[in-house]
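What follows is a single structure, written as structure tokens, with notes after it.
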Amino acid sequence: MARLGGATRAAADLHVTHSAVSRQVKALEACLGVRLFEGPRSRLQLTAAGRELLAGLTPGFDALSEAVRRVRVRAGVTIAIHNSLAVKWLIPRLGDFERCHPDLTLELSDLPVEAVRARDADLVVRLLDGPRLLDPEVHPLAENRVGVVVAAGLEDRLAELPRLVAASHARGWTDWEQATGIAVPHDRTRSFSHLHHVLDATVSGLGAAVLPWHLVVDAVRSGELVAPWGFIPDGGQLVAVGSEHASAAVRRTILWLRAQGSGEPASSEDAK
């Protein structure tokens with residue numbers, strides 16, 4: 001009551017009734033032989049004895065709370081994920097996960113390029129397409145969209161810039177041109193090992209690239225990158241792959257991932 005400023009708030013904090021709190025206070029006063037509160041019921045205040053007791057008990061209760069916090073077992077969920085998606089999409093959002101689920105711990109592990117499952121992981125998070133999307137253990141998080149991106153201010157110089165590609169996604173430009181019918185003039189191509197290297201190079205103004213929305217969402221929203229033709233669906237999905245009989249912790253993680261993935265552009269115009 002003293003910490004929260006009244007019996008009603010104390011009752012809500014303890015998940016008991018107002019009368020239960022009042023009875024416990026009266027029982028404590030009877031045991032100690034002193035009054036701890038005084039004044040009208042709507043504005044109770046600590047007596048001198050109450051203030052002295054509060055000062056002595058508060059450090060002890062704080063120490064108990066801290067001890068419980070330290071030894072409490074937190075449920076852990078391990079996610080296997082490609083480096084690029086981890087570095088540019090998931091890791092920047094882990095602070096939100098910890099705020100939403102302080103009782104859960106997320107651990108990340110590397111996922112090989114073609115892998116859909118990882119033995120030591122509870123979930124695999126990756127971009128996926130084709131018949132594998134029909135697997136009952138595949139949980140869709142968001143539609144995958146791709147688009148041409150370039151550093152802000154360079155969009156009128158696309159024909160002068162090299163195409164930037166990742167060795168693991170060499171057909172990105174070809175697939176995008178076939179899907180849109182747009183041919184972007186170019187005279188050279190620069191290759192990098194990973195998509196997040198391509199993204200960093202694009203932000204630095206080294207060229208233009210075709211990249212998935214979830215990889216570039218933060219750079220587009222911050223104004224570092226622009227997408228002259230927006231983003232188009234490529235038939236794939238951002239997914240989480242896990243057991244049909246997943247634990248409650250894993251199911252909560254999937255719901256959080258789905259909420260994070262829902263921030264895709266509704267149309268190409270939204271991403272320009």
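Following the order of the structure tokens, chains are lettered A, B, ..., residues in each are numbered from 1, and ligands are numbered from 1.
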All alpha helix (DSSP H) positions in segment 28-236 of chain A, as a count of residues only: 67
Residue contacts of segment 128-132 of chain A (12 Å, only C-alpha atoms) excluding same-chain residues fewer than 4 positions away, as a list in words: His82, Val113, Glu114, Ala115, Val116, Arg117, Val124, Pro136, Glu137, Val138, His139, Pro140, Leu141, Ala142, Glu143, Asn144, Arg145, Pro212, Pro233, Asp234, Gly235, Gly236, Gln237, Leu238, Val239, Ala240 and Val241 of chain A
Between A:Leu94, A:Leu44, A:Leu199, A:Ala219, which is the closest to Val25 of chain A once you count only C-alpha atoms? A:Leu44
Can you check which residues of segment 184-230 of chain A DSSP gives as strand (DSSP E) on the backbone and send them as a PyMOL selection string? chain A and resi 189-192+208-212+225-226
Any idea what's packed within 12 Å of segment 186-198 of chain A, counting only C-alpha atoms, ignoring anything in its chain fewer than 2 positions away? Could you give it as a ChimeraX atom specification? /A:82-89,113,149-150,157-173,183-184,200-212,214-216,219
Please produce a file of those selected residues containing C-alpha atoms, as a PDB file, in the first residue's frame.
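As written to disk, part-v6.pdb reads:
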```pdb
ATOM      1  CA  HIS A  82      20.804 -16.479 -43.038  1.00  0.00           C
ATOM      2  CA  ASN A  83      23.410 -13.877 -42.114  1.00  0.00           C
ATOM      3  CA  SER A  84      21.986 -11.151 -44.337  1.00  0.00           C
ATOM      4  CA  LEU A  85      18.464 -11.470 -42.969  1.00  0.00           C
ATOM      5  CA  ALA A  86      19.778 -11.654 -39.418  1.00  0.00           C
ATOM      6  CA  VAL A  87      22.040  -8.602 -39.689  1.00  0.00           C
ATOM      7  CA  LYS A  88      19.698  -6.325 -41.633  1.00  0.00           C
ATOM      8  CA  TRP A  89      16.243  -7.377 -40.416  1.00  0.00           C
ATOM      9  CA  VAL A 113      22.115 -21.025 -48.020  1.00  0.00           C
ATOM     10  CA  VAL A 149      17.196   0.164 -54.926  1.00  0.00           C
ATOM     11  CA  VAL A 150      19.815   2.859 -55.205  1.00  0.00           C
ATOM     12  CA  ARG A 157      22.037   8.041 -62.865  1.00  0.00           C
ATOM     13  CA  LEU A 158      21.080   4.364 -62.955  1.00  0.00           C
ATOM     14  CA  ALA A 159      22.484   3.859 -66.454  1.00  0.00           C
ATOM     15  CA  GLU A 160      25.912   4.981 -65.209  1.00  0.00           C
ATOM     16  CA  LEU A 161      25.980   2.682 -62.178  1.00  0.00           C
ATOM     17  CA  PRO A 162      27.114  -0.930 -62.059  1.00  0.00           C
ATOM     18  CA  ARG A 163      24.673  -3.657 -61.142  1.00  0.00           C
ATOM     19  CA  LEU A 164      25.485  -5.067 -57.722  1.00  0.00           C
ATOM     20  CA  VAL A 165      24.742  -8.773 -57.202  1.00  0.00           C
ATOM     21  CA  ALA A 166      25.312 -11.429 -54.561  1.00  0.00           C
ATOM     22  CA  ALA A 167      26.954 -14.679 -55.610  1.00  0.00           C
ATOM     23  CA  SER A 168      24.123 -16.619 -53.956  1.00  0.00           C
ATOM     24  CA  HIS A 169      21.400 -14.628 -55.799  1.00  0.00           C
ATOM     25  CA  ALA A 170      22.945 -14.064 -59.220  1.00  0.00           C
ATOM     26  CA  ARG A 171      19.563 -14.057 -61.069  1.00  0.00           C
ATOM     27  CA  GLY A 172      18.045 -11.195 -59.096  1.00  0.00           C
ATOM     28  CA  TRP A 173      18.279  -8.621 -61.902  1.00  0.00           C
ATOM     29  CA  ALA A 183      15.190  -3.003 -68.931  1.00  0.00           C
ATOM     30  CA  VAL A 184      17.692  -0.922 -66.985  1.00  0.00           C
ATOM     31  CA  ASP A 200      25.944  -1.877 -47.734  1.00  0.00           C
ATOM     32  CA  ALA A 201      27.576  -1.229 -51.098  1.00  0.00           C
ATOM     33  CA  THR A 202      24.305   0.163 -52.463  1.00  0.00           C
ATOM     34  CA  VAL A 203      23.876   2.501 -49.504  1.00  0.00           C
ATOM     35  CA  SER A 204      27.459   3.677 -50.100  1.00  0.00           C
ATOM     36  CA  GLY A 205      26.569   4.646 -53.680  1.00  0.00           C
ATOM     37  CA  LEU A 206      28.641   1.947 -55.409  1.00  0.00           C
ATOM     38  CA  GLY A 207      25.788   0.831 -57.650  1.00  0.00           C
ATOM     39  CA  ALA A 208      22.177  -0.327 -57.867  1.00  0.00           C
ATOM     40  CA  ALA A 209      20.776  -3.646 -56.724  1.00  0.00           C
ATOM     41  CA  VAL A 210      17.644  -5.796 -56.749  1.00  0.00           C
ATOM     42  CA  LEU A 211      16.952  -6.719 -53.138  1.00  0.00           C
ATOM     43  CA  PRO A 212      14.108  -8.109 -50.972  1.00  0.00           C
ATOM     44  CA  HIS A 214      12.679  -7.054 -45.695  1.00  0.00           C
ATOM     45  CA  LEU A 215      16.390  -6.582 -46.227  1.00  0.00           C
ATOM     46  CA  VAL A 216      16.115  -2.916 -47.203  1.00  0.00           C
ATOM     47  CA  ALA A 219      17.272   1.859 -45.292  1.00  0.00           C
TER      48      ALA A 219
END
```
Point-to-point distance in Å for atom CA of His18 of chain A and atom CA of Gly60 of chain A: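 Atom-to-atom, atom CA of Gly60 of chain A and atom CA of His18 of chain A are spaced 24.5 Å apart.
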Nearest to His245 of chain A, chosen from A:Glu29, A:Glu98, A:Leu57, A:Asp122, with only C-alpha atoms counted in the distances: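 Going through A:Glu29, A:Glu98, A:Leu57, A:Asp122 one by one, the smallest distance to His245 of chain A is for A:Asp122.
Among the candidate residues A:Ala63, A:Asp156, A:Thr78, A:Arg99, the one lying nearest to Arg119 of chain A is A:Thr78, with distances computed using only C-alpha atoms.
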